[in-house]
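Okay, work18.pdb now, which holds PDB, C-alpha atoms:
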ATOM      1  CA  MET A   1      99.387 119.251 162.167  1.00  0.00           C
ATOM      2  CA  GLU A   2      98.435 118.742 165.832  1.00  0.00           C
ATOM      3  CA  GLU A   3     101.562 120.579 166.922  1.00  0.00           C
ATOM      4  CA  ARG A   4     100.389 123.629 165.050  1.00  0.00           C
ATOM      5  CA  GLY A   5      96.979 123.530 166.754  1.00  0.00           C
ATOM      6  CA  ARG A   6      98.579 123.469 170.194  1.00  0.00           C
ATOM      7  CA  ASP A   7     100.585 126.597 169.415  1.00  0.00           C
ATOM      8  CA  ILE A   8      97.435 128.743 169.367  1.00  0.00           C
ATOM      9  CA  LEU A   9      96.058 127.475 172.686  1.00  0.00           C
ATOM     10  CA  THR A  10      96.736 129.000 176.088  1.00  0.00           C
ATOM     11  CA  LYS A  11      97.963 127.028 179.115  1.00  0.00           C
ATOM     12  CA  ASN A  12      94.367 126.085 179.939  1.00  0.00           C
ATOM     13  CA  ASN A  13      93.735 124.836 176.393  1.00  0.00           C
ATOM     14  CA  GLN A  14      91.630 127.891 175.589  1.00  0.00           C
ATOM     15  CA  PRO A  15      91.856 129.381 172.095  1.00  0.00           C
ATOM     16  CA  THR A  16      93.743 132.677 171.875  1.00  0.00           C
ATOM     17  CA  LYS A  17      92.261 135.892 170.500  1.00  0.00           C
ATOM     18  CA  SER A  18      93.263 137.112 167.072  1.00  0.00           C
ATOM     19  CA  ILE A  19      95.199 140.327 167.614  1.00  0.00           C
ATOM     20  CA  ILE A  20      96.978 141.959 164.732  1.00  0.00           C
ATOM     21  CA  TYR A  21     100.126 144.051 164.976  1.00  0.00           C
ATOM     22  CA  GLN A  22      98.189 147.241 164.209  1.00  0.00           C
ATOM     23  CA  ASP A  23      96.127 146.734 167.387  1.00  0.00           C
ATOM     24  CA  ILE A  24      99.271 146.450 169.476  1.00  0.00           C
ATOM     25  CA  TYR A  25     100.817 149.476 167.751  1.00  0.00           C
ATOM     26  CA  THR A  26      97.689 151.609 168.292  1.00  0.00           C
ATOM     27  CA  THR A  27      97.530 150.659 171.967  1.00  0.00           C
ATOM     28  CA  LYS A  28     101.230 151.428 172.411  1.00  0.00           C
ATOM     29  CA  GLU A  29     100.746 154.797 170.699  1.00  0.00           C
ATOM     30  CA  THR A  30      97.939 155.684 173.125  1.00  0.00           C
ATOM     31  CA  LEU A  31     100.134 154.709 176.070  1.00  0.00           C
ATOM     32  CA  GLU A  32     102.959 156.890 174.734  1.00  0.00           C
ATOM     33  CA  LYS A  33     100.571 159.847 174.504  1.00  0.00           C
ATOM     34  CA  LEU A  34      99.678 159.378 178.159  1.00  0.00           C
ATOM     35  CA  GLN A  35     103.331 159.010 179.131  1.00  0.00           C
ATOM     36  CA  SER A  36     104.217 162.222 177.286  1.00  0.00           C
ATOM     37  CA  TRP A  37     102.494 164.191 180.059  1.00  0.00           C
ATOM     38  CA  GLY A  38     105.187 163.094 182.530  1.00  0.00           C
ATOM     39  CA  SER A  39     107.372 166.198 182.151  1.00  0.00           C
ATOM     40  CA  ILE A  40     104.391 168.551 182.563  1.00  0.00           C
ATOM     41  CA  LEU A  41     103.300 166.727 185.698  1.00  0.00           C
ATOM     42  CA  GLU A  42     106.844 167.118 187.057  1.00  0.00           C
ATOM     43  CA  LEU A  43     106.517 170.843 186.342  1.00  0.00           C
ATOM     44  CA  PHE A  44     103.313 170.924 188.398  1.00  0.00           C
ATOM     45  CA  ALA A  45     105.018 169.131 191.282  1.00  0.00           C
ATOM     46  CA  THR A  46     107.952 171.552 191.169  1.00  0.00           C
ATOM     47  CA  PHE A  47     105.648 174.566 190.980  1.00  0.00           C
ATOM     48  CA  PHE A  48     103.629 173.547 194.029  1.00  0.00           C
ATOM     49  CA  ALA A  49     106.728 172.544 196.008  1.00  0.00           C
ATOM     50  CA  ASP A  50     108.320 175.941 195.274  1.00  0.00           C
ATOM     51  CA  GLN A  51     105.179 177.787 196.392  1.00  0.00           C
ATOM     52  CA  ARG A  52     105.715 176.556 199.938  1.00  0.00           C
ATOM     53  CA  LYS A  53     109.188 178.111 200.052  1.00  0.00           C
ATOM     54  CA  LYS A  54     108.326 181.528 198.592  1.00  0.00           C
ATOM     55  CA  PRO A  55     106.978 184.458 200.557  1.00  0.00           C
ATOM     56  CA  LEU A  56     103.305 185.182 199.954  1.00  0.00           C
ATOM     57  CA  ASN A  57     102.751 187.507 196.966  1.00  0.00           C
ATOM     58  CA  LYS A  58      99.076 187.423 196.043  1.00  0.00           C
ATOM     59  CA  LYS A  59      99.410 189.036 192.619  1.00  0.00           C
ATOM     60  CA  GLU A  60     102.175 186.675 191.530  1.00  0.00           C
ATOM     61  CA  ILE A  61     100.342 183.636 192.911  1.00  0.00           C
ATOM     62  CA  ILE A  62      97.138 184.563 191.059  1.00  0.00           C
ATOM     63  CA  GLN A  63      99.006 184.906 187.750  1.00  0.00           C
ATOM     64  CA  GLN A  64     100.946 181.676 188.177  1.00  0.00           C
ATOM     65  CA  TYR A  65      97.948 179.694 189.381  1.00  0.00           C
ATOM     66  CA  HIS A  66      95.952 180.873 186.384  1.00  0.00           C
ATOM     67  CA  ALA A  67      98.635 179.633 183.975  1.00  0.00           C
ATOM     68  CA  ILE A  68      99.050 176.328 185.816  1.00  0.00           C
ATOM     69  CA  SER A  69      95.289 175.826 185.989  1.00  0.00           C
ATOM     70  CA  GLN A  70      95.043 176.304 182.222  1.00  0.00           C
ATOM     71  CA  LEU A  71      97.771 173.704 181.674  1.00  0.00           C
ATOM     72  CA  PHE A  72      96.065 171.345 184.081  1.00  0.00           C
ATOM     73  CA  GLY A  73      92.758 171.797 182.232  1.00  0.00           C
ATOM     74  CA  VAL A  74      94.395 170.809 178.946  1.00  0.00           C
ATOM     75  CA  PHE A  75      96.122 167.851 180.616  1.00  0.00           C
ATOM     76  CA  PHE A  76      92.948 166.641 182.297  1.00  0.00           C
ATOM     77  CA  ASP A  77      90.876 166.845 179.105  1.00  0.00           C
ATOM     78  CA  ASP A  78      93.511 164.951 177.110  1.00  0.00           C
ATOM     79  CA  PHE A  79      93.991 162.412 179.908  1.00  0.00           C
ATOM     80  CA  LYS A  80      90.253 161.656 180.010  1.00  0.00           C
ATOM     81  CA  LYS A  81      90.124 161.365 176.225  1.00  0.00           C
ATOM     82  CA  GLN A  82      93.170 159.069 176.001  1.00  0.00           C
ATOM     83  CA  THR A  83      92.113 156.818 178.884  1.00  0.00           C
ATOM     84  CA  SER A  84      88.645 156.489 177.378  1.00  0.00           C
ATOM     85  CA  PHE A  85      90.190 155.665 174.005  1.00  0.00           C
ATOM     86  CA  LEU A  86      92.518 153.113 175.631  1.00  0.00           C
ATOM     87  CA  GLU A  87      89.601 151.537 177.479  1.00  0.00           C
ATOM     88  CA  ASN A  88      87.694 151.195 174.183  1.00  0.00           C
ATOM     89  CA  GLN A  89      90.745 149.667 172.521  1.00  0.00           C
ATOM     90  CA  LEU A  90      91.106 147.080 175.277  1.00  0.00           C
ATOM     91  CA  GLU A  91      87.384 146.245 175.182  1.00  0.00           C
ATOM     92  CA  THR A  92      87.630 145.743 171.423  1.00  0.00           C
ATOM     93  CA  LEU A  93      90.633 143.458 171.847  1.00  0.00           C
ATOM     94  CA  GLY A  94      88.816 141.524 174.577  1.00  0.00           C
ATOM     95  CA  ALA A  95      85.777 141.019 172.352  1.00  0.00           C
ATOM     96  CA  ARG A  96      87.857 139.766 169.415  1.00  0.00           C
ATOM     97  CA  LYS A  97      87.008 136.506 167.784  1.00  0.00           C
ATOM     98  CA  LYS A  98      89.027 133.568 169.036  1.00  0.00           C
ATOM     99  CA  VAL A  99      91.302 131.688 166.674  1.00  0.00           C
ATOM    100  CA  GLN A 100      89.813 128.300 165.809  1.00  0.00           C
ATOM    101  CA  ASN A 101      91.904 125.174 165.393  1.00  0.00           C
TER     102      ASN A 101
END

Do you think you could lay out the structure here as structure tokens?
Amino acid sequence: MEERGRDILTKNNQPTKSIIYQDIYTTKETLEKLQSWGSILELFATFFADQRKKPLNKKEIIQQYHAISQLFGVFFDDFKKQTSFLENQLETLGARKKVQN
């Protein structure tokens, strides 16, 4: 019976928090949503790198910057929302009740 009690203690003999699989899954899902923006961010990097190489065409630049700025607006709003959600998830996990022996 004592062996079982030791399994739920950390190295410093502190009780561990009770975290269910659903909490881990939800946190992983939020991380995946944030990671899904990777390809769009690569598109931004490519766009701005290509702008340095092209000759200056104000009309074309205005059109392209408008489209990119709209994409960035969507990204930024979603990024703020997801990071806030992830922060709340981690606070909830941190405040969880500890498993008692």

Name the residues captured by the PyMOL selection byres ((chain A and resi 92) around 12) when it is applied to the shown file; answer as an NGL selection string.
:A and (17-19 or 23-24 or 27 or 85-91 or 93-97)

Pick from A:Ile68, A:Thr83, A:Thr26, A:Leu34, whichever lies nearest to A:Phe47 using all atoms listed in the file:
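That would be A:Ile68, the residue with the smallest distance to A:Phe47.
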
Record the distance separating atom CA of A:Ala67 and atom CA of A:Ser84, expressed in Å with one decimal.
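Answer for the atom CA of A:Ala67 to atom CA of A:Ser84 separation: 26.1 Å.
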
With only C-alpha atoms counted, which protein, DNA or RNA residues have an atom no more than 12 Å from (103.1, 174.1, 194.2) in the file frame? Please answer as a PyMOL selection string.
chain A and resi 41-54+61+64-65+68-69

Work out how far atom CA of A:Thr30 is from atom CA of A:Lys80, in Å to one decimal.
11.9 Å

Which distance in Å separates atom CA of A:Phe79 and atom CA of A:Leu31, to one decimal?
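Rounded to one decimal, the two atoms are 10.6 Å apart.
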
Exercise: A:Lys33 partners within 8 Å, only C-alpha atoms, chain neighbours under 4 positions left out, as a list in words
Glu29, Trp37 and Gln82 of chain A

Could you rebuild stretch 53-85 of chain A with N, CA and C atoms and give me the result as a PDB file, keeping the file's coordinate frame?
ATOM      1  N   LYS A  53     107.942 177.466 199.635  1.00  0.00           N
ATOM      2  CA  LYS A  53     109.188 178.111 200.052  1.00  0.00           C
ATOM      3  C   LYS A  53     109.166 179.625 199.851  1.00  0.00           C
ATOM      4  N   LYS A  54     108.350 180.111 198.936  1.00  0.00           N
ATOM      5  CA  LYS A  54     108.326 181.528 198.592  1.00  0.00           C
ATOM      6  C   LYS A  54     107.477 182.326 199.580  1.00  0.00           C
ATOM      7  N   PRO A  55     107.852 183.598 199.751  1.00  0.00           N
ATOM      8  CA  PRO A  55     106.978 184.458 200.557  1.00  0.00           C
ATOM      9  C   PRO A  55     105.670 184.723 199.808  1.00  0.00           C
ATOM     10  N   LEU A  56     104.635 185.003 200.533  1.00  0.00           N
ATOM     11  CA  LEU A  56     103.305 185.182 199.954  1.00  0.00           C
ATOM     12  C   LEU A  56     103.222 186.484 199.156  1.00  0.00           C
ATOM     13  N   ASN A  57     102.949 186.362 197.857  1.00  0.00           N
ATOM     14  CA  ASN A  57     102.751 187.507 196.966  1.00  0.00           C
ATOM     15  C   ASN A  57     101.482 187.201 196.184  1.00  0.00           C
ATOM     16  N   LYS A  58     100.374 187.784 196.607  1.00  0.00           N
ATOM     17  CA  LYS A  58      99.076 187.423 196.043  1.00  0.00           C
ATOM     18  C   LYS A  58      98.991 187.636 194.537  1.00  0.00           C
ATOM     19  N   LYS A  59      99.507 188.755 194.049  1.00  0.00           N
ATOM     20  CA  LYS A  59      99.410 189.036 192.619  1.00  0.00           C
ATOM     21  C   LYS A  59     100.173 187.985 191.796  1.00  0.00           C
ATOM     22  N   GLU A  60     101.365 187.666 192.235  1.00  0.00           N
ATOM     23  CA  GLU A  60     102.175 186.675 191.530  1.00  0.00           C
ATOM     24  C   GLU A  60     101.517 185.295 191.594  1.00  0.00           C
ATOM     25  N   ILE A  61     101.000 184.935 192.745  1.00  0.00           N
ATOM     26  CA  ILE A  61     100.342 183.636 192.911  1.00  0.00           C
ATOM     27  C   ILE A  61      99.125 183.523 192.000  1.00  0.00           C
ATOM     28  N   ILE A  62      98.331 184.576 191.915  1.00  0.00           N
ATOM     29  CA  ILE A  62      97.138 184.563 191.059  1.00  0.00           C
ATOM     30  C   ILE A  62      97.537 184.349 189.604  1.00  0.00           C
ATOM     31  N   GLN A  63      98.559 185.058 189.136  1.00  0.00           N
ATOM     32  CA  GLN A  63      99.006 184.906 187.750  1.00  0.00           C
ATOM     33  C   GLN A  63      99.525 183.497 187.476  1.00  0.00           C
ATOM     34  N   GLN A  64     100.363 182.994 188.384  1.00  0.00           N
ATOM     35  CA  GLN A  64     100.946 181.676 188.177  1.00  0.00           C
ATOM     36  C   GLN A  64      99.895 180.581 188.285  1.00  0.00           C
ATOM     37  N   TYR A  65      98.995 180.707 189.242  1.00  0.00           N
ATOM     38  CA  TYR A  65      97.948 179.694 189.381  1.00  0.00           C
ATOM     39  C   TYR A  65      97.037 179.679 188.162  1.00  0.00           C
ATOM     40  N   HIS A  66      96.789 180.832 187.590  1.00  0.00           N
ATOM     41  CA  HIS A  66      95.952 180.873 186.384  1.00  0.00           C
ATOM     42  C   HIS A  66      96.623 180.094 185.255  1.00  0.00           C
ATOM     43  N   ALA A  67      97.914 180.330 185.043  1.00  0.00           N
ATOM     44  CA  ALA A  67      98.635 179.633 183.975  1.00  0.00           C
ATOM     45  C   ALA A  67      98.676 178.125 184.243  1.00  0.00           C
ATOM     46  N   ILE A  68      98.980 177.748 185.469  1.00  0.00           N
ATOM     47  CA  ILE A  68      99.050 176.328 185.816  1.00  0.00           C
ATOM     48  C   ILE A  68      97.672 175.679 185.692  1.00  0.00           C
ATOM     49  N   SER A  69      96.635 176.405 186.085  1.00  0.00           N
ATOM     50  CA  SER A  69      95.289 175.826 185.989  1.00  0.00           C
ATOM     51  C   SER A  69      94.886 175.604 184.535  1.00  0.00           C
ATOM     52  N   GLN A  70      95.325 176.490 183.647  1.00  0.00           N
ATOM     53  CA  GLN A  70      95.043 176.304 182.222  1.00  0.00           C
ATOM     54  C   GLN A  70      95.765 175.066 181.690  1.00  0.00           C
ATOM     55  N   LEU A  71      97.023 174.902 182.073  1.00  0.00           N
ATOM     56  CA  LEU A  71      97.771 173.704 181.674  1.00  0.00           C
ATOM     57  C   LEU A  71      97.116 172.441 182.229  1.00  0.00           C
ATOM     58  N   PHE A  72      96.695 172.511 183.473  1.00  0.00           N
ATOM     59  CA  PHE A  72      96.065 171.345 184.081  1.00  0.00           C
ATOM     60  C   PHE A  72      94.758 171.011 183.358  1.00  0.00           C
ATOM     61  N   GLY A  73      94.004 172.024 182.969  1.00  0.00           N
ATOM     62  CA  GLY A  73      92.758 171.797 182.232  1.00  0.00           C
ATOM     63  C   GLY A  73      93.009 171.052 180.926  1.00  0.00           C
ATOM     64  N   VAL A  74      94.041 171.470 180.205  1.00  0.00           N
ATOM     65  CA  VAL A  74      94.395 170.809 178.946  1.00  0.00           C
ATOM     66  C   VAL A  74      94.829 169.365 179.224  1.00  0.00           C
ATOM     67  N   PHE A  75      95.678 169.197 180.245  1.00  0.00           N
ATOM     68  CA  PHE A  75      96.122 167.851 180.616  1.00  0.00           C
ATOM     69  C   PHE A  75      94.936 166.967 180.972  1.00  0.00           C
ATOM     70  N   PHE A  76      94.055 167.454 181.821  1.00  0.00           N
ATOM     71  CA  PHE A  76      92.948 166.641 182.297  1.00  0.00           C
ATOM     72  C   PHE A  76      92.020 166.237 181.156  1.00  0.00           C
ATOM     73  N   ASP A  77      91.730 167.166 180.258  1.00  0.00           N
ATOM     74  CA  ASP A  77      90.876 166.845 179.105  1.00  0.00           C
ATOM     75  C   ASP A  77      91.517 165.769 178.228  1.00  0.00           C
ATOM     76  N   ASP A  78      92.815 165.927 177.941  1.00  0.00           N
ATOM     77  CA  ASP A  78      93.511 164.951 177.110  1.00  0.00           C
ATOM     78  C   ASP A  78      93.625 163.608 177.831  1.00  0.00           C
ATOM     79  N   PHE A  79      93.880 163.641 179.129  1.00  0.00           N
ATOM     80  CA  PHE A  79      93.991 162.412 179.908  1.00  0.00           C
ATOM     81  C   PHE A  79      92.680 161.633 179.882  1.00  0.00           C
ATOM     82  N   LYS A  80      91.558 162.325 180.072  1.00  0.00           N
ATOM     83  CA  LYS A  80      90.253 161.656 180.010  1.00  0.00           C
ATOM     84  C   LYS A  80      90.009 161.054 178.633  1.00  0.00           C
ATOM     85  N   LYS A  81      90.335 161.830 177.594  1.00  0.00           N
ATOM     86  CA  LYS A  81      90.124 161.365 176.225  1.00  0.00           C
ATOM     87  C   LYS A  81      90.978 160.136 175.928  1.00  0.00           C
ATOM     88  N   GLN A  82      92.258 160.186 176.294  1.00  0.00           N
ATOM     89  CA  GLN A  82      93.170 159.069 176.001  1.00  0.00           C
ATOM     90  C   GLN A  82      92.828 157.827 176.817  1.00  0.00           C
ATOM     91  N   THR A  83      92.465 157.992 178.086  1.00  0.00           N
ATOM     92  CA  THR A  83      92.113 156.818 178.884  1.00  0.00           C
ATOM     93  C   THR A  83      90.819 156.192 178.383  1.00  0.00           C
ATOM     94  N   SER A  84      89.886 157.017 177.950  1.00  0.00           N
ATOM     95  CA  SER A  84      88.645 156.489 177.378  1.00  0.00           C
ATOM     96  C   SER A  84      88.937 155.728 176.083  1.00  0.00           C
ATOM     97  N   PHE A  85      89.795 156.304 175.258  1.00  0.00           N
ATOM     98  CA  PHE A  85      90.190 155.665 174.005  1.00  0.00           C
ATOM     99  C   PHE A  85      90.895 154.338 174.279  1.00  0.00           C
TER     100      PHE A  85
END
